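File shown here: final.cif, holding mmCIF, C-alpha atoms.
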```
data_model
#
loop_
_atom_site.label_atom_id
_atom_site.label_comp_id
_atom_site.auth_asym_id
_atom_site.auth_seq_id
_atom_site.Cartn_x
_atom_site.Cartn_y
_atom_site.Cartn_z
CA MET A 25 31.67 123.88 -35.70
CA PRO A 26 32.61 122.80 -39.25
CA ALA A 27 30.04 123.18 -41.99
CA GLY A 28 27.70 120.24 -42.23
CA LEU A 29 28.17 119.21 -38.59
CA ALA A 30 25.25 121.12 -37.01
CA VAL A 31 22.32 119.25 -35.53
CA ALA A 32 18.67 120.26 -35.43
CA ALA A 33 17.98 123.36 -33.37
CA VAL A 34 15.82 122.94 -30.27
CA PRO A 35 12.33 124.53 -30.33
CA GLU A 36 11.79 127.51 -28.06
CA ASN A 37 9.23 125.62 -25.95
CA SER A 38 11.38 122.48 -25.64
CA VAL A 39 12.39 120.96 -22.32
CA ASN A 40 16.00 121.14 -23.50
CA GLN A 41 16.46 124.88 -23.10
CA GLY A 42 18.71 124.18 -20.12
CA LEU A 43 21.32 122.54 -22.38
CA PRO A 44 23.85 125.24 -23.30
CA ALA A 45 24.89 125.75 -26.91
CA GLN A 46 28.55 125.70 -25.78
CA LEU A 47 28.96 122.46 -23.85
CA SER A 48 32.15 121.71 -21.94
CA LEU A 49 32.82 118.44 -20.17
CA PRO A 50 32.36 119.98 -16.67
CA ASP A 51 29.05 121.46 -17.87
CA ALA A 52 27.96 118.03 -19.11
CA GLU A 53 28.83 116.48 -15.75
CA ASP A 54 26.79 119.10 -13.88
CA ILE A 55 23.81 118.55 -16.17
CA PHE A 56 23.99 114.80 -15.66
CA LEU A 57 24.09 115.19 -11.89
CA ALA A 58 20.99 117.38 -12.12
CA ARG A 59 18.85 115.34 -14.50
CA GLY A 60 20.55 112.14 -15.61
CA LEU A 61 17.79 109.56 -15.96
CA ASP A 62 19.58 106.67 -14.27
CA LEU A 63 20.58 108.95 -11.41
CA LEU A 64 16.99 110.16 -10.98
CA ILE A 65 15.81 106.54 -10.90
CA ALA A 66 18.38 105.68 -8.24
CA GLU A 67 17.38 108.68 -6.12
CA ALA A 68 13.73 107.66 -6.39
CA SER A 69 14.70 104.22 -5.10
CA VAL A 70 16.23 105.90 -2.04
CA ARG A 71 12.95 107.62 -1.29
CA GLY A 72 11.18 104.29 -1.65
CA ALA A 73 13.63 102.66 0.76
CA GLU A 74 13.05 105.49 3.24
CA GLY A 75 9.34 104.75 3.05
CA ASP A 76 10.03 101.05 3.66
CA LEU A 77 12.04 101.95 6.75
CA THR A 78 9.19 104.07 8.08
CA ALA A 79 6.74 101.24 7.46
CA ALA A 80 9.05 98.70 9.10
CA GLY A 81 9.15 100.69 12.33
CA ALA A 82 5.42 101.31 12.52
CA HIS A 83 3.37 99.58 15.22
CA PRO A 84 0.31 97.69 13.96
CA ASN A 85 -3.01 99.42 14.54
CA PRO A 86 -5.24 97.74 17.15
CA ASN A 87 -8.40 95.95 16.10
CA PHE A 88 -11.65 97.37 17.47
CA GLN A 89 -14.80 95.23 17.15
CA PRO A 90 -18.14 96.71 18.31
CA SER A 91 -21.19 94.41 18.11
CA LEU A 92 -24.93 94.58 18.76
CA TYR A 93 -27.13 91.69 19.99
CA TYR A 94 -30.87 91.66 19.53
CA VAL A 95 -33.64 89.02 19.96
CA PRO A 96 -37.19 90.13 19.07
CA SER A 97 -40.20 89.36 21.30
CA THR A 98 -41.94 86.17 20.17
CA THR A 99 -44.19 83.30 21.31
CA LYS A 100 -42.69 80.76 18.92
CA ASP A 101 -39.33 79.32 18.27
CA LEU A 102 -37.86 77.11 15.58
CA LEU A 103 -38.42 73.80 17.42
CA TYR A 104 -41.86 74.22 18.98
CA SER A 105 -44.99 75.65 17.54
CA ASN A 106 -45.59 77.84 20.56
CA LEU A 107 -44.29 78.54 24.00
CA GLY A 108 -47.57 78.06 25.84
CA ASN A 109 -48.28 80.87 28.23
CA ASN A 110 -44.65 82.01 28.20
CA THR A 111 -43.81 84.93 26.01
CA ALA A 112 -40.17 85.68 25.28
CA ALA A 113 -39.44 89.39 25.70
CA GLU A 114 -37.11 91.12 23.30
CA VAL A 115 -33.50 91.07 24.35
CA TRP A 116 -30.71 93.32 23.22
CA GLY A 117 -27.06 93.49 24.01
CA LEU A 118 -23.87 95.44 23.33
CA GLY A 119 -20.38 94.06 22.95
CA LEU A 120 -17.02 95.83 22.57
CA ALA A 121 -13.74 94.03 21.82
CA LEU A 122 -10.22 95.43 21.52
CA ASP A 123 -7.24 93.48 20.13
CA ASP A 124 -3.64 94.76 20.11
CA ASN A 125 -2.97 92.93 16.82
CA ALA A 126 0.16 91.36 18.37
CA ALA A 127 1.81 94.77 18.78
CA ILE A 128 3.18 94.05 22.26
CA GLU A 129 4.48 90.61 21.30
CA ASP A 130 5.97 92.12 18.09
CA GLU A 131 7.99 94.57 20.19
CA LEU A 132 9.00 92.18 22.98
CA SER A 133 10.03 89.38 20.62
CA GLY A 134 12.33 91.66 18.62
CA LYS A 135 10.48 91.13 15.34
CA ARG A 136 9.93 94.86 14.92
CA SER A 137 13.58 95.68 15.59
CA LEU A 138 14.63 93.07 13.00
CA ARG A 139 12.31 94.61 10.42
CA ILE A 140 13.81 98.01 11.13
CA GLU A 141 17.34 96.64 10.83
CA TYR A 142 16.51 94.87 7.56
CA ALA A 143 14.97 98.02 6.06
CA ALA A 144 17.88 100.15 7.29
CA LYS A 145 20.35 97.88 5.48
CA ALA A 146 18.26 98.21 2.31
CA LEU A 147 18.22 101.99 2.67
CA ALA A 148 21.99 102.08 3.14
CA ALA A 149 22.43 99.99 -0.02
CA ALA A 150 20.07 102.28 -1.96
CA ARG A 151 22.02 105.36 -0.91
CA ILE A 152 25.31 103.76 -1.88
CA ASN A 153 23.73 102.77 -5.19
CA VAL A 154 23.24 106.47 -5.98
CA GLN A 155 26.99 106.91 -5.60
CA ASP A 156 27.59 103.81 -7.70
CA VAL A 157 25.41 105.20 -10.48
CA LYS A 158 27.46 108.39 -10.36
CA ARG A 159 30.66 106.33 -10.54
CA THR A 160 29.63 104.32 -13.57
CA GLU A 161 27.45 106.83 -15.41
CA LEU A 162 29.88 109.75 -15.06
CA SER A 163 32.59 107.52 -16.54
CA GLN A 164 30.28 106.60 -19.41
CA LEU A 165 29.37 110.25 -19.89
CA ARG A 166 33.04 111.29 -20.03
CA GLN A 167 33.85 108.52 -22.47
CA ALA A 168 30.85 109.48 -24.60
CA TYR A 169 32.05 113.10 -24.59
CA VAL A 170 35.52 111.96 -25.66
CA ALA A 171 34.01 109.81 -28.41
CA ALA A 172 31.97 112.78 -29.65
CA VAL A 173 35.04 115.04 -29.68
CA MET A 174 36.98 112.37 -31.55
CA ALA A 175 34.15 112.07 -34.08
CA LYS A 176 34.15 115.84 -34.46
CA LEU A 177 37.93 115.85 -35.11
CA ASN A 178 37.52 113.04 -37.63
CA ALA A 179 34.81 115.02 -39.42
CA GLU A 180 37.04 118.10 -39.50
CA SER A 181 39.91 116.02 -40.86
CA ALA A 182 37.60 114.50 -43.47
CA ARG A 183 36.50 117.98 -44.56
CA GLU A 184 40.11 119.14 -44.75
CA THR A 185 41.00 116.08 -46.82
CA PHE A 186 38.07 116.64 -49.15
CA THR A 187 39.07 120.29 -49.56
CA THR A 188 42.62 119.23 -50.42
CA TYR A 189 41.44 116.72 -53.01
CA ASP A 190 38.86 119.16 -54.41
CA LYS A 191 41.46 121.87 -54.94
CA GLN A 192 43.87 119.36 -56.39
CA LEU A 193 41.19 118.09 -58.77
CA ASP A 194 40.68 121.65 -60.08
CA LEU A 195 44.42 121.92 -60.61
CA SER A 196 44.55 118.51 -62.29
CA ARG A 197 41.83 119.52 -64.73
CA LYS A 198 43.85 122.57 -65.73
CA GLN A 199 46.96 120.41 -66.07
CA TYR A 200 45.05 117.93 -68.22
CA GLN A 201 43.74 120.68 -70.48
CA ALA A 202 47.30 121.95 -70.79
CA GLY A 203 48.52 118.48 -71.62
CA ALA A 204 50.70 118.23 -68.52
CA ILE A 205 49.02 115.05 -67.25
CA GLY A 206 47.14 112.20 -68.84
CA ARG A 207 43.56 111.09 -68.56
CA LEU A 208 44.50 108.34 -66.12
CA ASP A 209 45.89 110.81 -63.60
CA LEU A 210 42.79 112.98 -63.90
CA SER A 211 40.50 109.97 -63.35
CA GLN A 212 42.49 108.87 -60.32
CA MET A 213 42.30 112.37 -58.87
CA ALA A 214 38.53 112.52 -59.49
CA THR A 215 38.11 109.12 -57.86
CA SER A 216 40.09 110.23 -54.82
CA GLN A 217 37.97 113.38 -54.52
CA LEU A 218 34.76 111.33 -54.58
CA GLU A 219 36.17 108.89 -52.03
CA ALA A 220 37.03 111.85 -49.79
CA LEU A 221 33.45 113.12 -50.15
CA GLN A 222 32.17 109.68 -49.10
CA ALA A 223 34.50 109.67 -46.12
CA LEU A 224 33.26 113.15 -45.16
CA ALA A 225 29.62 111.97 -45.20
CA THR A 226 30.53 108.94 -43.08
CA ALA A 227 32.46 111.09 -40.60
CA GLN A 228 29.59 113.56 -40.27
CA ALA A 229 27.15 110.71 -39.61
CA GLY A 230 29.52 109.31 -37.01
CA TYR A 231 29.64 112.66 -35.27
CA GLN A 232 25.83 112.92 -35.26
CA GLN A 233 25.58 109.44 -33.73
CA ALA A 234 28.21 110.16 -31.09
CA LEU A 235 26.51 113.43 -30.20
CA ALA A 236 23.14 111.67 -29.92
CA SER A 237 24.64 109.16 -27.46
CA LEU A 238 26.05 112.00 -25.38
CA VAL A 239 22.77 113.95 -25.36
CA TYR A 240 20.89 110.82 -24.27
CA LEU A 241 23.11 110.45 -21.21
CA LEU A 242 22.35 114.06 -20.34
CA GLY A 243 18.66 113.22 -19.99
CA VAL A 244 17.40 115.14 -23.02
CA ARG A 245 13.82 114.03 -23.61
CA GLY A 246 12.67 116.17 -26.52
CA ALA A 247 14.18 117.43 -29.75
CA ARG A 248 17.94 117.09 -30.03
CA PRO A 249 19.52 120.50 -29.35
CA GLU A 250 22.31 122.19 -31.27
CA VAL A 251 25.49 121.73 -29.25
CA THR A 252 29.11 122.71 -29.76
CA LEU A 253 31.62 120.74 -27.70
CA THR A 254 34.25 123.03 -26.24
CA SER A 255 36.48 120.67 -24.22
CA GLY A 256 39.33 119.10 -26.15
CA ILE A 257 41.11 115.78 -25.80
CA ASP A 258 44.68 117.02 -26.19
CA TYR A 259 47.26 114.86 -24.49
CA ARG A 260 48.69 115.84 -21.14
CA GLU A 261 50.61 113.74 -18.72
CA LEU A 262 48.84 112.86 -15.46
CA PRO A 263 51.29 112.61 -12.56
CA GLU A 264 48.47 111.38 -10.29
CA ILE A 265 48.48 108.13 -12.30
CA ARG A 266 52.05 107.99 -13.54
CA GLY A 267 53.39 108.50 -10.03
CA THR A 268 51.44 105.64 -8.49
CA SER A 269 51.65 101.87 -8.70
CA PHE A 270 49.25 99.18 -9.77
CA ASP A 271 49.06 97.72 -6.25
CA ALA A 272 48.27 101.15 -4.81
CA LEU A 273 45.42 101.59 -7.29
CA VAL A 274 43.99 98.17 -6.42
CA GLY A 275 44.09 99.04 -2.72
CA GLU A 276 42.40 102.37 -3.41
CA ALA A 277 39.72 100.62 -5.44
CA GLN A 278 39.00 97.96 -2.80
CA LYS A 279 38.52 100.75 -0.28
CA ASN A 280 36.43 103.08 -2.44
CA ARG A 281 34.37 100.92 -4.79
CA THR A 282 30.69 101.50 -4.20
CA ASP A 283 29.63 98.20 -5.75
CA VAL A 284 31.70 96.38 -3.12
CA ARG A 285 30.05 98.41 -0.38
CA ILE A 286 26.61 97.60 -1.82
CA ALA A 287 27.49 93.90 -1.80
CA GLU A 288 28.53 94.23 1.85
CA ARG A 289 25.20 95.87 2.77
CA ASN A 290 23.32 93.16 0.85
CA LEU A 291 25.19 90.47 2.78
CA GLU A 292 24.34 92.14 6.07
CA GLN A 293 20.70 92.38 4.98
CA ALA A 294 20.64 88.68 4.09
CA GLU A 295 22.03 87.82 7.52
CA VAL A 296 19.27 89.85 9.15
CA ALA A 297 16.74 87.96 7.01
CA VAL A 298 17.98 84.67 8.52
CA ARG A 299 17.38 86.01 12.01
CA GLN A 300 13.94 87.18 10.92
CA ALA A 301 13.05 83.75 9.55
CA LYS A 302 14.12 82.06 12.78
CA ARG A 303 12.33 84.63 14.94
CA ALA A 304 9.14 84.09 12.92
CA VAL A 305 8.83 80.65 14.59
CA LEU A 306 7.52 82.50 17.63
CA PRO A 307 3.73 82.80 17.33
CA ASP A 308 2.09 86.18 16.84
CA ILE A 309 0.21 86.44 20.16
CA SER A 310 -2.52 89.06 20.37
CA LEU A 311 -3.88 90.46 23.64
CA ASN A 312 -7.60 91.15 23.65
CA ALA A 313 -10.12 92.66 26.03
CA GLY A 314 -13.91 92.81 25.79
CA TYR A 315 -17.01 94.26 27.38
CA SER A 316 -20.56 92.94 27.01
CA GLU A 317 -24.00 93.60 28.49
CA ILE A 318 -27.42 92.05 27.74
CA CYS A 319 -30.74 93.69 28.59
CA ASN A 320 -34.46 93.26 27.94
CA GLY A 321 -37.26 95.77 27.91
CA ALA A 322 -37.44 95.90 31.70
CA THR A 323 -33.98 95.53 33.06
CA CYS A 324 -30.47 94.40 32.29
CA SER A 325 -29.83 90.76 33.06
CA SER A 326 -26.65 91.29 35.01
CA ALA A 327 -23.82 93.60 35.71
CA PRO A 328 -21.60 94.45 32.73
CA GLY A 329 -19.22 91.65 31.81
CA PHE A 330 -15.53 92.03 31.02
CA ASN A 331 -13.25 89.48 29.41
CA PHE A 332 -9.55 89.26 28.68
CA GLY A 333 -7.64 86.73 26.62
CA LEU A 334 -4.83 85.74 24.27
CA SER A 335 -4.97 84.48 20.69
CA GLY A 336 -2.36 83.23 18.28
CA ASN A 337 -1.25 80.37 16.11
CA LEU A 338 0.36 77.27 17.63
CA PRO A 339 3.68 76.30 15.98
CA VAL A 340 3.16 72.55 16.21
CA LEU A 341 3.03 71.50 12.54
CA TYR A 342 5.46 73.83 10.80
CA TRP A 343 8.57 75.59 12.11
CA GLN A 344 9.56 77.89 9.23
CA GLN A 345 12.04 75.32 7.89
CA GLY A 346 11.54 76.42 4.27
CA GLU A 347 11.89 80.15 4.99
CA ILE A 348 14.99 79.56 7.10
CA ALA A 349 16.59 77.42 4.39
CA ARG A 350 15.83 80.04 1.76
CA ALA A 351 17.25 82.85 3.92
CA GLU A 352 20.43 80.86 4.62
CA SER A 353 20.90 80.17 0.91
CA ASN A 354 20.52 83.90 0.25
CA VAL A 355 23.35 84.56 2.70
CA THR A 356 25.58 82.17 0.77
CA ALA A 357 24.63 83.85 -2.51
CA ALA A 358 25.29 87.31 -1.03
CA GLN A 359 28.70 86.18 0.22
CA ARG A 360 29.62 84.91 -3.24
CA THR A 361 28.34 88.13 -4.77
CA LEU A 362 30.62 90.11 -2.47
CA GLU A 363 33.58 87.93 -3.45
CA LYS A 364 32.68 88.44 -7.12
CA ALA A 365 32.56 92.22 -6.64
CA GLN A 366 35.97 92.15 -4.98
CA ALA A 367 37.37 90.07 -7.83
CA GLN A 368 35.78 92.48 -10.31
CA VAL A 369 37.75 95.30 -8.76
CA LEU A 370 41.04 93.57 -9.55
CA SER A 371 39.88 92.81 -13.09
CA ASP A 372 38.69 96.38 -13.74
CA VAL A 373 41.87 97.99 -12.45
CA SER A 374 44.03 95.52 -14.38
CA GLN A 375 42.25 96.23 -17.65
CA ALA A 376 42.21 99.99 -17.11
CA TRP A 377 45.89 100.00 -16.15
CA ALA A 378 46.89 98.03 -19.26
CA GLY A 379 44.74 100.23 -21.48
CA TYR A 380 46.19 103.39 -19.99
CA ALA A 381 49.80 102.24 -20.40
CA ALA A 382 49.25 101.25 -24.04
CA ALA A 383 47.29 104.40 -24.93
CA ARG A 384 49.83 106.70 -23.30
CA GLU A 385 52.69 105.05 -25.19
CA GLN A 386 50.84 105.28 -28.51
CA VAL A 387 49.94 108.94 -28.03
CA GLU A 388 53.47 109.90 -27.06
CA ARG A 389 54.86 108.06 -30.09
CA MET A 390 52.36 109.79 -32.33
CA GLN A 391 53.12 113.21 -30.93
CA GLY A 392 56.86 112.64 -30.93
CA GLN A 393 57.38 111.57 -34.53
CA LEU A 394 54.76 109.73 -36.51
CA ILE A 395 52.12 112.39 -37.13
CA ALA A 396 54.70 115.08 -37.87
CA GLU A 397 56.58 112.86 -40.34
CA ALA A 398 53.37 111.85 -42.11
CA LYS A 399 52.34 115.49 -42.49
CA ARG A 400 55.80 116.50 -43.74
CA ALA A 401 55.77 113.68 -46.32
CA ARG A 402 52.30 114.68 -47.52
CA ASP A 403 53.22 118.35 -47.90
CA LEU A 404 56.43 117.54 -49.79
CA ALA A 405 54.65 115.08 -52.09
CA GLN A 406 51.96 117.65 -52.86
CA ILE A 407 54.49 120.37 -53.71
CA GLN A 408 56.56 118.01 -55.85
CA TYR A 409 53.49 116.73 -57.68
CA GLN A 410 52.33 120.27 -58.44
CA LYS A 411 55.82 121.00 -59.85
CA GLY A 412 55.87 117.79 -61.84
CA ALA A 413 58.68 116.28 -59.79
CA ALA A 414 56.53 113.48 -58.30
CA SER A 415 53.83 111.22 -59.64
CA LEU A 416 50.17 111.40 -58.76
CA LEU A 417 50.40 108.01 -57.07
CA THR A 418 53.17 109.30 -54.83
CA PHE A 419 51.01 112.25 -53.75
CA LEU A 420 47.90 110.11 -53.23
CA PHE A 421 49.85 107.58 -51.18
CA ALA A 422 51.35 110.33 -49.00
CA GLU A 423 47.94 111.97 -48.54
CA ARG A 424 46.26 108.72 -47.56
CA THR A 425 49.10 107.84 -45.21
CA TYR A 426 48.75 111.20 -43.49
CA VAL A 427 44.96 110.91 -43.23
CA ALA A 428 45.29 107.43 -41.74
CA ALA A 429 47.89 108.67 -39.26
CA GLU A 430 45.69 111.61 -38.25
CA LEU A 431 42.65 109.38 -37.71
CA GLU A 432 44.80 106.97 -35.73
CA TYR A 433 46.07 109.87 -33.63
CA HIS A 434 42.51 110.96 -32.85
CA GLN A 435 41.67 107.38 -31.85
CA ASP A 436 44.78 107.19 -29.67
CA LEU A 437 43.82 110.42 -27.90
CA ALA A 438 40.31 109.10 -27.33
CA ASN A 439 41.70 105.80 -26.06
CA TYR A 440 44.02 107.65 -23.70
CA TRP A 441 41.29 109.70 -22.06
CA SER A 442 38.85 106.80 -22.06
CA SER A 443 41.42 104.71 -20.21
CA VAL A 444 41.85 107.52 -17.69
CA TYR A 445 38.11 107.63 -17.06
CA GLN A 446 37.97 103.84 -16.89
CA MET A 447 40.72 103.99 -14.27
CA GLU A 448 38.70 106.51 -12.28
CA GLN A 449 35.64 104.28 -12.57
CA ALA A 450 37.65 101.24 -11.49
CA THR A 451 39.13 102.99 -8.45
CA ASN A 452 36.28 105.40 -7.69
CA ALA A 453 38.90 108.11 -7.22
CA LYS A 454 39.71 111.37 -9.01
CA LEU A 455 42.96 110.83 -10.90
CA HIS A 456 43.28 113.98 -12.99
#
```
Show this structure as structure tokens.
Amino acid sequence: MPAGLAVAAVPENSVNQGLPAQLSLPDAEDIFLARGLDLLIAEASVRGAEGDLTAAGAHPNPNFQPSLYYVPSTTKDLLYSNLGNNTAAEVWGLGLALDDNAAIEDELSGKRSLRIEYAAKALAAARINVQDVKRTELSQLRQAYVAAVMAKLNAESARETFTTYDKQLDLSRKQYQAGAIGRLDLSQMATSQLEALQALATAQAGYQQALASLVYLLGVRGARPEVTLTSGIDYRELPEIRGTSFDALVGEAQKNRTDVRIAERNLEQAEVAVRQAKRAVLPDISLNAGYSEICNGATCSSAPGFNFGLSGNLPVLYWQQGEIARAESNVTAAQRTLEKAQAQVLSDVSQAWAGYAAAREQVERMQGQLIAEAKRARDLAQIQYQKGAASLLTFLFAERTYVAAELEYHQDLANYWSSVYQMEQATNAKLH
């Protein structure tokens, strides 16, 4: 790592000890899959949906209602001052009631099966969402890694440029003392050296920021660790993309995209909700059974009594019209959401395809001629200036042109690989 580009070392007791000092892109992907925060959140949602499915399939517990009945012995009541010669003996009784809490009706009417189906659709969507988080977040991670590598290359270029200007400034001072150049040339060289130092500080800050974004995606929660990125962003042709067509990529995306599959599960869930709302018109009928017995101090009044009955609400005033209308509107919204997701696929692939084609052309042009010519012109101008055959302005212009070309080349490389990862995200397929 170039001098000045290190980040704060991680404490020995930090939670980040699992982050290696030498971090390749495959290592970063493995770390994200193990502890990426968004991925952990999505996996927790799956466990929650599994719990909802278990709850949806559970039968309601029956209601059990024991009761005691007791009348004390008395010669008075509330209406008369006394009962004459009649004395009321104490009376006690016992009652037991059992209610199925509409469990049988819930099963026979299909309400329980609809709850299970609804929860199963939600669980399926939650599981697909884990894959969708991997699709989007891995692409973001790869692009963040590329951005960090680009920032590192820019910082290295800035340091090289500063070193060039610094050495040239030392030479210019000697030339000025020898009378070979004027004060104006020396001032221009000193200004260029200071500008290069400013550019170096900016590039180092950019690298720190890019590295912080990458570390965040890796789920680092404590002190930022010292990391050296080992995977490069050198250009290489990808026959998996170059040998295919735009239409083939769109077809692959429509088949593989997890967000489309989530929208399909959500539509199915909304359709189940309509059936639930309509089925809810049926009353929740509970079956109940009871036992009672009343006795006094001498004997029980009669044989034990048993009773059986039904209870439930009567759907005579309201027929779930509001719930049904809401559920049907949710189906319409889910259908439009699915259509939007399908349209998004075409848009994503189109943008990624255009970005890839442009980035590939720019990188190949850079590698073929532009960067080499800019470097050759800079080197020649520097040699000629040191020999007095070229002006300082000629050297400075050539140096700045080369630096600009090098920074543009780094950006083109980053754009190329970012477009590749965007294409993979758009198609949900491995393309390199």
Would you give the centre and edge lengths, in Å to one decimal, of a box along x, y and z around the listed atoms of stretch 334-347 of chain A, with 8 Å added to each side, as JSON?
```
{"center_x": 3.5, "center_y": 78.6, "center_z": 14.3, "size_x": 33.0, "size_y": 30.2, "size_z": 36.0}
```
Write out as a PyMOL selection string each polymer residue whose atoms come within 10 Å of A:Thr418, counting only C-alpha atoms; drop sequence neighbours fewer than 5 positions from it. chain A and resi 401-402+405-406+408-409+423
Pick the closest to A:Ala127 from A:Leu242, A:Ala58, A:Leu404, A:Ala82: which is it, counting all atoms listed in the file?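 Looking at the shortest contact to A:Ala127, the residue is A:Ala82.
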For a quick check of understanding, using all atoms listed in the file, which of A:Gln89, A:Ser415, A:Ser269, A:Gln222 has the smallest distance to A:Gly119?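 Nearest candidate to A:Gly119 out of A:Gln89, A:Ser415, A:Ser269, A:Gln222: A:Gln89.
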Residues within 8 Å of A:Ile128, all atoms listed in the file, excluding chain neighbours under 4 positions, as a ChimeraX atom specification: /A:124,132,310
Residues within 8 Å of stretch 377-388 of chain A, only C-alpha atoms, excluding chain neighbours under 4 positions, as a ChimeraX atom specification: /A:259,270,373,392,433,436-437,439-440,443-444,447
Name the residues captured by the PyMOL selection byres ((chain A and resi 363) around 12) when it is applied to the shown file; answer as a list of chain:residue names.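 Given this file, the PyMOL selection byres ((chain A and resi 363) around 12) evaluates to A:Gln278, A:Asp283, A:Val284, A:Arg285, A:Ala287, A:Glu288, A:Leu291, A:Thr356, A:Ala357, A:Ala358, A:Gln359, A:Arg360, A:Thr361, A:Leu362, A:Lys364, A:Ala365, A:Gln366, A:Ala367, A:Gln368, A:Val369, A:Leu370.
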Prev. selection, C-alpha atoms, output as a short mmCIF file (atom, residue, chain, number, x, y, z; two decimals), keeping the file's coordinate frame:
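Generated file (selection01.cif):
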```cif
data_model
loop_
_atom_site.label_atom_id
_atom_site.label_comp_id
_atom_site.auth_asym_id
_atom_site.auth_seq_id
_atom_site.Cartn_x
_atom_site.Cartn_y
_atom_site.Cartn_z
CA GLN A 278 39.00 97.96 -2.80
CA ASP A 283 29.63 98.20 -5.75
CA VAL A 284 31.70 96.38 -3.12
CA ARG A 285 30.05 98.41 -0.38
CA ALA A 287 27.49 93.90 -1.80
CA GLU A 288 28.53 94.23 1.85
CA LEU A 291 25.19 90.47 2.78
CA THR A 356 25.58 82.17 0.77
CA ALA A 357 24.63 83.85 -2.51
CA ALA A 358 25.29 87.31 -1.03
CA GLN A 359 28.70 86.18 0.22
CA ARG A 360 29.62 84.91 -3.24
CA THR A 361 28.34 88.13 -4.77
CA LEU A 362 30.62 90.11 -2.47
CA LYS A 364 32.68 88.44 -7.12
CA ALA A 365 32.56 92.22 -6.64
CA GLN A 366 35.97 92.15 -4.98
CA ALA A 367 37.37 90.07 -7.83
CA GLN A 368 35.78 92.48 -10.31
CA VAL A 369 37.75 95.30 -8.76
CA LEU A 370 41.04 93.57 -9.55
#
```
Determine, counting all atoms listed in the file, which protein, DNA and RNA residues have an atom within 10 Å of an atom of A:Arg183; residues of the same chain fewer than 4 positions away are not included. Present the result as a PyMOL selection string. chain A and resi 26-28+177-179+187-189+220-221+223-225+227-228
Given only C-alpha atoms as the basis, pick out the residue of A:Leu334, A:Ala126, A:Val115, A:Ala297 nearest to A:Asn312.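 Going through A:Leu334, A:Ala126, A:Val115, A:Ala297 one by one, the smallest distance to A:Asn312 is for A:Leu334.
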Name the residues that the PyMOL selection byres ((chain A and resi 85) around 8) pulls out of this structure, and write them as a list in words. His83, Pro84, Pro86, Asn87, Asp124, Asn125 and Ala127 of chain A
Contacts of A:Ala146 at 12 Å or less, counting all atoms listed in the file, minus same-chain residues fewer than 2 places along, as a PyMOL selection string? chain A and resi 69-77+80+139-144+148-153+286-294+296-297
Nearest to A:Leu162 among A:Ala79, A:Leu63, A:Ile265, A:Ile205, with distances taken over only C-alpha atoms: which residue is it? A:Leu63
What do you get, as a VMD selection string, if you spell out every residue that the PyMOL selection byres ((chain A and resi 255) around 6) selects here? chain A and resid 48 to 49 253 to 254 256
Could you write out that same residue set with C-alpha atoms as a PDB file, in the coordinates of the input?
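Once written, result-v2.pdb looks like this:
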```
ATOM      1  CA  SER A  48      32.150 121.710 -21.940  1.00  0.00           C
ATOM      2  CA  LEU A  49      32.820 118.440 -20.170  1.00  0.00           C
ATOM      3  CA  LEU A 253      31.620 120.740 -27.700  1.00  0.00           C
ATOM      4  CA  THR A 254      34.250 123.030 -26.240  1.00  0.00           C
ATOM      5  CA  GLY A 256      39.330 119.100 -26.150  1.00  0.00           C
TER       6      GLY A 256
END
```
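Taking atom CA of A:Ala272 as the reference point, atom CA of A:Trp441 is found at 20.5 Å.
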Go through A:Leu235, A:Ala68, A:Ala450, A:Ile395 one by one, measure the shortest atom-to-atom distance of each to A:Leu431 using only C-alpha atoms, and give the residue with the smallest value.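 Under the stated criterion, the closest residue is A:Ile395.
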In Å, how far is it from atom CA of A:Ala234 to atom CA of A:Gln46?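 Computing the Euclidean distance for atom CA of A:Ala234 and atom CA of A:Gln46 yields 16.4 Å.
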